[in-house]
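These notes concern the structure reproduced below.
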Amino acid sequence: MEKRAIQEKILRKLMAMKPPKWGNSHTEERNLARGLPSHLAGAKVTKEAIKELHKLGFLLSKRSTGEIHVSLNPEKMKEIFEFLGLK
């Protein structure tokens, strides 16, 4: 699985969660790798994919309950949908 496919899977996962993880609704960063094949869960390519999503501004992070939590950046909604080929 290439980096772009991992990024798309992570973004779609955050959008599909109940409630969707936009803005103030967030989840622990370690949950992002759940649902990926086990050989990719802690892989370097997965860590790079997440780091790149932060650089693109697609993911927001904050420290909560001692863990890093992430959410989708609502200000980048249009760009995220374009990245995923939606809209």
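Starting from 1 in every chain, residues are counted up; chains themselves are A, B, ... following the order of the structure tokens, and ligands are numbered from 1 as listed.
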
task: Per DSSP on the backbone, filter chain A down to the residues in helix (DSSP H, G or I) and report them as a ChimeraX atom specification.
output: /A:3-16,29-33,38-41,44-55,74-84

- request: Please provide the set of residues having any atom within 12 Å of A:Lys21, restricted to only C-alpha atoms, with same-chain residues fewer than 2 positions apart removed, written as an MDAnalysis selection string.
  value: chainID A and resid 10:19 23:29 31:32 58:61 69:74 77

field: Top pick for closest residue to A:Leu86, considering A:Leu56, A:Glu8, A:Glu48, A:Leu36 and counting only C-alpha atoms
entry: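 Nearest to A:Leu86: A:Glu8.
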
- prompt: So, counting only C-alpha atoms, which residue among A:Ile68, A:Ile6, A:Met1, A:Ala33 is closest to A:Glu52?
  reply: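 When distances to A:Glu52 are compared using only C-alpha atoms, the smallest one comes from A:Ile6.
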